[in-house]
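Worksheet for the structure shown next.
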Amino acid sequence: MKNYRTYIGIDVAKLTLDYCMITPNPQPEQGQILNTQKSVDKFLKTLKKAGCQMNETLFVFENTGIYSSLLALVLSENKLDYAQVPALEIKRSLGITRGKSDKVDAKEIANYARRNTDKIALSALPELSLQQLKIVFAEREKTIAAIKSFERTMENEMYLNKKVFTSVKAINRQTVKQLKKQLAALDDRIKTLIREDEILYKQQQLLKSIPGIGEITSVYLLMVTKGFTAFTNGRKFACYSGVAPFEHTSGTSVKGKTRVSHLADKKMKSLLHMAALTAIKYDPELKAYYRRKKEEGKHTMLVLNNIKCKMVYRIFAIIARETSFVNLHKFAA
């Protein structure tokens, strides 16, 4: 990380952006702008006119999903250094605090940026295909949730008078039918987006060569790893996914069991769990490992978590060497 002269912390809201600029001058500068492209462009031009060296400026803001997307886009287009930091990371760095306001939050983010320059990793927008894939996948998740919600209506049939339930039955079935049709269209769109990107398509084929990794798991892996550019190794990704074990001890009195952290991508962890359950059915090596550990008296969830870790390392191994997975178990004597 290079040295910066100016740190700009930004608190992102739906309609506004509160900022605090820390420079070599003792007094920080604060203000508020609208969360629009026109307003952000004007703000950057004002900074340049005021003599701010943009190549020596670091912008830091919380990753608030869609609300911070526009800011990230404008900064990226202007080739400026910026970092989207998890809100929890900033919150835990503040220590004990009292009260809350957007103005104070912006100042704390700027101070966080100045104190942690050596630790902050610069952010970058993923490729357009990955951005499209992410938003289509999000629509797919909402569609699945809607289908489940409407299908629960059919559970009422056995408890209601036939005439009462008939008034909604046909409408409900039609709604579910349309939603499933929409789900199929979204799945087709996801496949098309991946096929149109040569690198993503190749990576997906490699992922699907691993027993247990299916269509949806492979797509989500491509999204969260940004085409395997966001994580440098399997250990970091295992930590992100909540399957990496950590020690839990302190002095001589606390000797807890090694356990995983609850700070994780729950969706990724769930998909890895389903992949592990499939793998112990169809992968001879992992199936034998599972049976051996169970016979040793190991807890089922512990063994499954170990299998998740093994699968993560397999994933990063095949991506690194760019060759499909080969099960060597069948060649063993």
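Naming works like this for the structure tokens: A, B, ... for the chains as they're shown, residue 1 at the start of each chain, ligands 1 onward in shown order.
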
Contacts of range 198-213 of chain A within 12 Å, only C-alpha atoms, excl. fewer than 4 positions in-chain, as JSON, numbers by chain: {"A": [127, 128, 129, 130, 133, 190, 191, 192, 193, 194, 217, 218, 219, 220, 221, 222, 223, 225, 226, 227, 228, 229, 271, 272, 273, 274, 275, 276, 277, 278, 279, 280, 281, 282, 283, 284, 285, 286, 287, 307, 308, 310, 311, 312, 313, 314, 315, 316, 317, 318, 319, 320, 321, 322, 323, 324, 325, 326, 327]}

Could you find all residues in range 190-251 of chain A that DSSP calls alpha helix (DSSP H) from the backbone, and write them as a PyMOL selection string? chain A and resi 190-195+198-208+215-224+234-241

May I have the residues from that selection written out with N, CA, C and O atoms, as a CSV table (one decimal), in the first residue's frame?
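result.csv, written as the output of this step:
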chain,number,residue,atom,x,y,z
A,190,ILE,N,-28.4,-17.0,-16.8
A,190,ILE,CA,-27.2,-17.3,-16.1
A,190,ILE,C,-26.2,-18.1,-16.9
A,190,ILE,O,-25.0,-17.8,-17.1
A,191,LYS,N,-26.8,-19.2,-17.5
A,191,LYS,CA,-26.0,-20.0,-18.4
A,191,LYS,C,-25.4,-19.3,-19.6
A,191,LYS,O,-24.3,-19.4,-20.0
A,192,THR,N,-26.2,-18.4,-20.2
A,192,THR,CA,-25.8,-17.6,-21.3
A,192,THR,C,-24.7,-16.6,-20.9
A,192,THR,O,-23.7,-16.5,-21.7
A,193,LEU,N,-24.8,-16.0,-19.8
A,193,LEU,CA,-23.8,-15.0,-19.3
A,193,LEU,C,-22.4,-15.7,-19.1
A,193,LEU,O,-21.4,-15.2,-19.5
A,194,ILE,N,-22.5,-16.9,-18.6
A,194,ILE,CA,-21.2,-17.7,-18.4
A,194,ILE,C,-20.6,-18.1,-19.7
A,194,ILE,O,-19.4,-18.1,-19.9
A,195,ARG,N,-21.5,-18.6,-20.6
A,195,ARG,CA,-21.0,-19.1,-21.9
A,195,ARG,C,-20.3,-18.0,-22.7
A,195,ARG,O,-19.4,-18.2,-23.4
A,198,GLU,N,-15.4,-16.5,-21.9
A,198,GLU,CA,-14.6,-17.7,-22.0
A,198,GLU,C,-13.9,-18.1,-20.8
A,198,GLU,O,-13.9,-19.3,-20.5
A,199,ILE,N,-13.4,-17.2,-20.0
A,199,ILE,CA,-12.7,-17.6,-18.7
A,199,ILE,C,-13.7,-18.2,-17.7
A,199,ILE,O,-13.4,-19.2,-17.1
A,200,LEU,N,-14.8,-17.5,-17.5
A,200,LEU,CA,-15.8,-18.0,-16.6
A,200,LEU,C,-16.3,-19.4,-17.0
A,200,LEU,O,-16.5,-20.3,-16.1
A,201,TYR,N,-16.6,-19.6,-18.3
A,201,TYR,CA,-17.1,-20.8,-18.8
A,201,TYR,C,-16.1,-22.0,-18.5
A,201,TYR,O,-16.4,-23.1,-18.0
A,202,LYS,N,-14.8,-21.7,-18.8
A,202,LYS,CA,-13.7,-22.7,-18.5
A,202,LYS,C,-13.6,-23.0,-17.0
A,202,LYS,O,-13.5,-24.2,-16.6
A,203,GLN,N,-13.7,-22.0,-16.2
A,203,GLN,CA,-13.6,-22.2,-14.8
A,203,GLN,C,-14.8,-23.0,-14.2
A,203,GLN,O,-14.6,-23.9,-13.4
A,204,GLN,N,-16.0,-22.7,-14.8
A,204,GLN,CA,-17.2,-23.5,-14.3
A,204,GLN,C,-17.0,-25.0,-14.7
A,204,GLN,O,-17.4,-25.8,-13.9
A,205,GLN,N,-16.5,-25.3,-15.9
A,205,GLN,CA,-16.4,-26.6,-16.3
A,205,GLN,C,-15.4,-27.4,-15.4
A,205,GLN,O,-15.5,-28.5,-15.1
A,206,LEU,N,-14.3,-26.7,-15.0
A,206,LEU,CA,-13.4,-27.2,-14.1
A,206,LEU,C,-14.0,-27.5,-12.7
A,206,LEU,O,-13.8,-28.6,-12.1
A,207,LEU,N,-14.8,-26.6,-12.2
A,207,LEU,CA,-15.5,-26.7,-10.9
A,207,LEU,C,-16.4,-27.9,-11.0
A,207,LEU,O,-16.5,-28.7,-10.0
A,208,LYS,N,-17.2,-28.1,-12.0
A,208,LYS,CA,-18.2,-29.1,-12.1
A,208,LYS,C,-17.6,-30.5,-12.3
A,208,LYS,O,-18.2,-31.5,-12.2
A,215,GLU,N,-24.3,-27.1,-10.7
A,215,GLU,CA,-24.5,-25.8,-11.5
A,215,GLU,C,-24.5,-24.6,-10.6
A,215,GLU,O,-23.8,-23.6,-10.8
A,216,ILE,N,-25.4,-24.6,-9.6
A,216,ILE,CA,-25.6,-23.4,-8.8
A,216,ILE,C,-24.4,-23.2,-7.9
A,216,ILE,O,-24.0,-22.0,-7.7
A,217,THR,N,-23.8,-24.2,-7.3
A,217,THR,CA,-22.6,-24.0,-6.5
A,217,THR,C,-21.5,-23.4,-7.3
A,217,THR,O,-20.8,-22.5,-6.8
A,218,SER,N,-21.3,-23.9,-8.5
A,218,SER,CA,-20.2,-23.4,-9.4
A,218,SER,C,-20.5,-21.9,-9.7
A,218,SER,O,-19.5,-21.1,-9.7
A,219,VAL,N,-21.7,-21.5,-10.0
A,219,VAL,CA,-22.0,-20.2,-10.3
A,219,VAL,C,-21.7,-19.3,-9.1
A,219,VAL,O,-21.1,-18.2,-9.3
A,220,TYR,N,-22.2,-19.7,-7.9
A,220,TYR,CA,-21.9,-18.9,-6.7
A,220,TYR,C,-20.4,-18.7,-6.4
A,220,TYR,O,-20.0,-17.7,-6.0
A,221,LEU,N,-19.7,-19.8,-6.7
A,221,LEU,CA,-18.2,-19.8,-6.5
A,221,LEU,C,-17.6,-18.7,-7.4
A,221,LEU,O,-16.7,-18.0,-7.0
A,222,LEU,N,-18.0,-18.7,-8.6
A,222,LEU,CA,-17.5,-17.7,-9.6
A,222,LEU,C,-17.8,-16.3,-9.1
A,222,LEU,O,-17.0,-15.4,-9.3
A,223,MET,N,-19.0,-16.1,-8.6
A,223,MET,CA,-19.4,-14.8,-8.1
A,223,MET,C,-18.6,-14.3,-7.0
A,223,MET,O,-18.1,-13.2,-7.0
A,224,VAL,N,-18.6,-15.1,-5.9
A,224,VAL,CA,-18.0,-14.6,-4.7
A,224,VAL,C,-16.4,-14.5,-4.8
A,224,VAL,O,-15.8,-13.7,-4.1
A,234,GLY,N,-6.8,-21.3,-0.9
A,234,GLY,CA,-8.0,-22.0,-0.3
A,234,GLY,C,-8.2,-21.7,1.1
A,234,GLY,O,-9.3,-21.7,1.6
A,235,ARG,N,-7.1,-21.5,1.9
A,235,ARG,CA,-7.3,-21.2,3.3
A,235,ARG,C,-8.1,-20.0,3.6
A,235,ARG,O,-9.0,-19.9,4.4
A,236,LYS,N,-7.8,-18.9,2.8
A,236,LYS,CA,-8.5,-17.7,3.0
A,236,LYS,C,-10.0,-17.9,2.6
A,236,LYS,O,-10.9,-17.3,3.3
A,237,PHE,N,-10.3,-18.6,1.6
A,237,PHE,CA,-11.6,-18.8,1.1
A,237,PHE,C,-12.4,-19.7,2.1
A,237,PHE,O,-13.6,-19.5,2.4
A,238,ALA,N,-11.7,-20.7,2.7
A,238,ALA,CA,-12.3,-21.5,3.8
A,238,ALA,C,-12.7,-20.7,5.0
A,238,ALA,O,-13.8,-20.9,5.6
A,239,CYS,N,-11.9,-19.7,5.3
A,239,CYS,CA,-12.2,-18.8,6.4
A,239,CYS,C,-13.4,-18.0,6.0
A,239,CYS,O,-14.3,-17.8,6.8
A,240,TYR,N,-13.4,-17.4,4.8
A,240,TYR,CA,-14.6,-16.6,4.3
A,240,TYR,C,-15.9,-17.4,4.3
A,240,TYR,O,-16.9,-16.9,4.7
A,241,SER,N,-15.8,-18.7,4.0
A,241,SER,CA,-16.9,-19.6,3.9
A,241,SER,C,-17.4,-20.2,5.3
A,241,SER,O,-18.4,-20.8,5.4

Between CA of Glu108 in chain A and CA of Glu62 in chain A, measure the distance and give it in Å to one decimal. 11.3 Å

Non-local contacts of Thr16 in chain A (6 Å; only C-alpha atoms; under 5 positions in same chain excluded) as an NGL selection string: :A and (33-35)

Could you write those residues out with all heavy atoms, as a PDB file, in the first residue's frame?
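Saved as selection-v5.pdb:
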ATOM      1  N   ILE A  33     -23.110  15.263   0.228  1.00  0.00           N
ATOM      2  CA  ILE A  33     -23.522  15.372  -1.165  1.00  0.00           C
ATOM      3  C   ILE A  33     -24.610  14.335  -1.426  1.00  0.00           C
ATOM      4  O   ILE A  33     -24.830  13.433  -0.620  1.00  0.00           O
ATOM      5  CB  ILE A  33     -22.342  15.145  -2.141  1.00  0.00           C
ATOM      6  CG1 ILE A  33     -21.766  13.738  -1.943  1.00  0.00           C
ATOM      7  CG2 ILE A  33     -21.279  16.211  -1.963  1.00  0.00           C
ATOM      8  CD1 ILE A  33     -20.691  13.382  -2.950  1.00  0.00           C
ATOM      9  N   LEU A  34     -25.278  14.475  -2.554  1.00  0.00           N
ATOM     10  CA  LEU A  34     -26.316  13.520  -2.929  1.00  0.00           C
ATOM     11  C   LEU A  34     -25.678  12.249  -3.476  1.00  0.00           C
ATOM     12  O   LEU A  34     -24.596  12.274  -4.066  1.00  0.00           O
ATOM     13  CB  LEU A  34     -27.239  14.122  -3.981  1.00  0.00           C
ATOM     14  CG  LEU A  34     -28.071  15.337  -3.560  1.00  0.00           C
ATOM     15  CD1 LEU A  34     -28.878  15.860  -4.743  1.00  0.00           C
ATOM     16  CD2 LEU A  34     -29.003  14.971  -2.404  1.00  0.00           C
ATOM     17  N   ASN A  35     -26.350  11.133  -3.282  1.00  0.00           N
ATOM     18  CA  ASN A  35     -25.855   9.850  -3.785  1.00  0.00           C
ATOM     19  C   ASN A  35     -26.300   9.673  -5.237  1.00  0.00           C
ATOM     20  O   ASN A  35     -27.084   8.779  -5.578  1.00  0.00           O
ATOM     21  CB  ASN A  35     -26.369   8.709  -2.908  1.00  0.00           C
ATOM     22  CG  ASN A  35     -25.655   7.403  -3.201  1.00  0.00           C
ATOM     23  OD1 ASN A  35     -24.770   7.337  -4.058  1.00  0.00           O
ATOM     24  ND2 ASN A  35     -26.039   6.350  -2.494  1.00  0.00           N
TER      25      ASN A  35
END

What parts of range 199-331 of chain A does DSSP call strand (DSSP E or B)? I'd like the answer as a list of chain:residue names.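 Written out, the strand (DSSP E or B) residues of range 199-331 of chain A are A:Pro245, A:Phe246, A:Glu247, A:His248, A:Thr249, A:Ser250, A:Val254, A:Lys255, A:Gly256, A:Lys257, A:Thr258, A:Arg259, A:Val260.
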
What gap, in Å, lies between CA of Asp11 in chain A and CA of Glu77 in chain A?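 Here the two named atoms are 20.2 Å from each other.
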
Could you name the residues that touch Leu71 in chain A at 8 Å or less, counting only C-alpha atoms, but leaving out those on the same chain fewer than 3 positions away, as a ChimeraX atom specification? /A:35,37,40,68,74-75

As an exercise, work out the distance from CA of Pro28 in chain A to CA of Lys107 in chain A in Å and give it to one decimal place.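 One can read the CA of Pro28 in chain A to CA of Lys107 in chain A distance as 8.3 Å.
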
Applying 7 Å and only C-alpha atoms, which residues near Thr6 in chain A remain after dropping the ones on its own chain fewer than 6 positions away? List them as a short mmCIF file (atom, residue, chain, number, x, y, z; two decimals) with all heavy atoms, in the first residue's frame.
data_model
loop_
_atom_site.label_atom_id
_atom_site.label_comp_id
_atom_site.auth_asym_id
_atom_site.auth_seq_id
_atom_site.Cartn_x
_atom_site.Cartn_y
_atom_site.Cartn_z
N MET A 21 -12.89 14.59 5.18
CA MET A 21 -11.59 14.57 4.51
C MET A 21 -10.49 14.95 5.50
O MET A 21 -10.50 16.05 6.07
CB MET A 21 -11.60 15.54 3.32
CG MET A 21 -10.31 15.56 2.53
SD MET A 21 -10.48 16.40 0.92
CE MET A 21 -10.98 18.03 1.47
N ILE A 22 -9.57 14.02 5.70
CA ILE A 22 -8.44 14.26 6.60
C ILE A 22 -7.20 14.51 5.76
O ILE A 22 -6.79 13.67 4.95
CB ILE A 22 -8.21 13.07 7.54
CG1 ILE A 22 -9.42 12.90 8.47
CG2 ILE A 22 -6.94 13.26 8.36
CD1 ILE A 22 -9.31 11.73 9.43
N THR A 23 -6.59 15.67 5.95
CA THR A 23 -5.38 16.08 5.21
C THR A 23 -4.28 16.38 6.22
O THR A 23 -4.49 16.30 7.43
CB THR A 23 -5.68 17.33 4.36
OG1 THR A 23 -6.04 18.40 5.25
CG2 THR A 23 -6.85 17.06 3.40
N GLU A 56 -2.85 10.74 -4.63
CA GLU A 56 -2.39 10.54 -3.25
C GLU A 56 -3.57 10.57 -2.28
O GLU A 56 -3.41 10.87 -1.10
CB GLU A 56 -1.37 11.63 -2.87
CG GLU A 56 -0.10 11.59 -3.71
CD GLU A 56 0.88 12.67 -3.30
OE1 GLU A 56 0.48 13.56 -2.51
OE2 GLU A 56 2.03 12.64 -3.76
N THR A 57 -4.76 10.26 -2.80
CA THR A 57 -5.98 10.29 -1.99
C THR A 57 -6.59 8.89 -1.92
O THR A 57 -6.68 8.20 -2.94
CB THR A 57 -7.00 11.27 -2.59
OG1 THR A 57 -6.42 12.58 -2.62
CG2 THR A 57 -8.28 11.30 -1.76
N LEU A 58 -7.02 8.49 -0.73
CA LEU A 58 -7.67 7.20 -0.54
C LEU A 58 -9.10 7.42 -0.08
O LEU A 58 -9.35 8.09 0.93
CB LEU A 58 -6.92 6.37 0.50
CG LEU A 58 -7.55 5.02 0.89
CD1 LEU A 58 -7.62 4.09 -0.32
CD2 LEU A 58 -6.78 4.36 2.02
#

With only C-alpha atoms as the basis for distance, which of A:Glu155, A:Gln84, A:Leu302, A:Lys181 is at the shortest distance from Thr258 in chain A?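 Counting only C-alpha atoms, the residue closest to Thr258 in chain A is A:Leu302.
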
Which residue is closest to Ser39 in chain A? Choose from A:Asp188, A:Asn55, A:Leu70, A:Cys20 and count only C-alpha atoms. A:Leu70

Name the residues in contact with Gln53 in chain A at a cut-off of 9 Å, using only C-alpha atoms, excluding same-chain residues fewer than 5 positions from it; report them as a VMD selection string. chain A and resid 5 to 6 47 to 48

Same residues, N, CA and C atoms, output as a PDB file, in the first residue's frame:
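Heads up, here's the output in selection-v9.pdb:
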ATOM      1  N   ARG A   5      -1.670  11.199   1.253  1.00  0.00           N
ATOM      2  CA  ARG A   5      -1.693  12.481   1.960  1.00  0.00           C
ATOM      3  C   ARG A   5      -3.109  12.842   2.415  1.00  0.00           C
ATOM      4  N   THR A   6      -4.095  12.310   1.705  1.00  0.00           N
ATOM      5  CA  THR A   6      -5.482  12.646   2.008  1.00  0.00           C
ATOM      6  C   THR A   6      -6.305  11.372   2.169  1.00  0.00           C
ATOM      7  N   LEU A  47     -12.710  18.760  -5.598  1.00  0.00           N
ATOM      8  CA  LEU A  47     -11.470  18.352  -4.926  1.00  0.00           C
ATOM      9  C   LEU A  47     -10.253  18.700  -5.773  1.00  0.00           C
ATOM     10  N   LYS A  48     -10.348  18.450  -7.072  1.00  0.00           N
ATOM     11  CA  LYS A  48      -9.228  18.738  -7.967  1.00  0.00           C
ATOM     12  C   LYS A  48      -8.951  20.237  -8.023  1.00  0.00           C
TER      13      LYS A  48
END
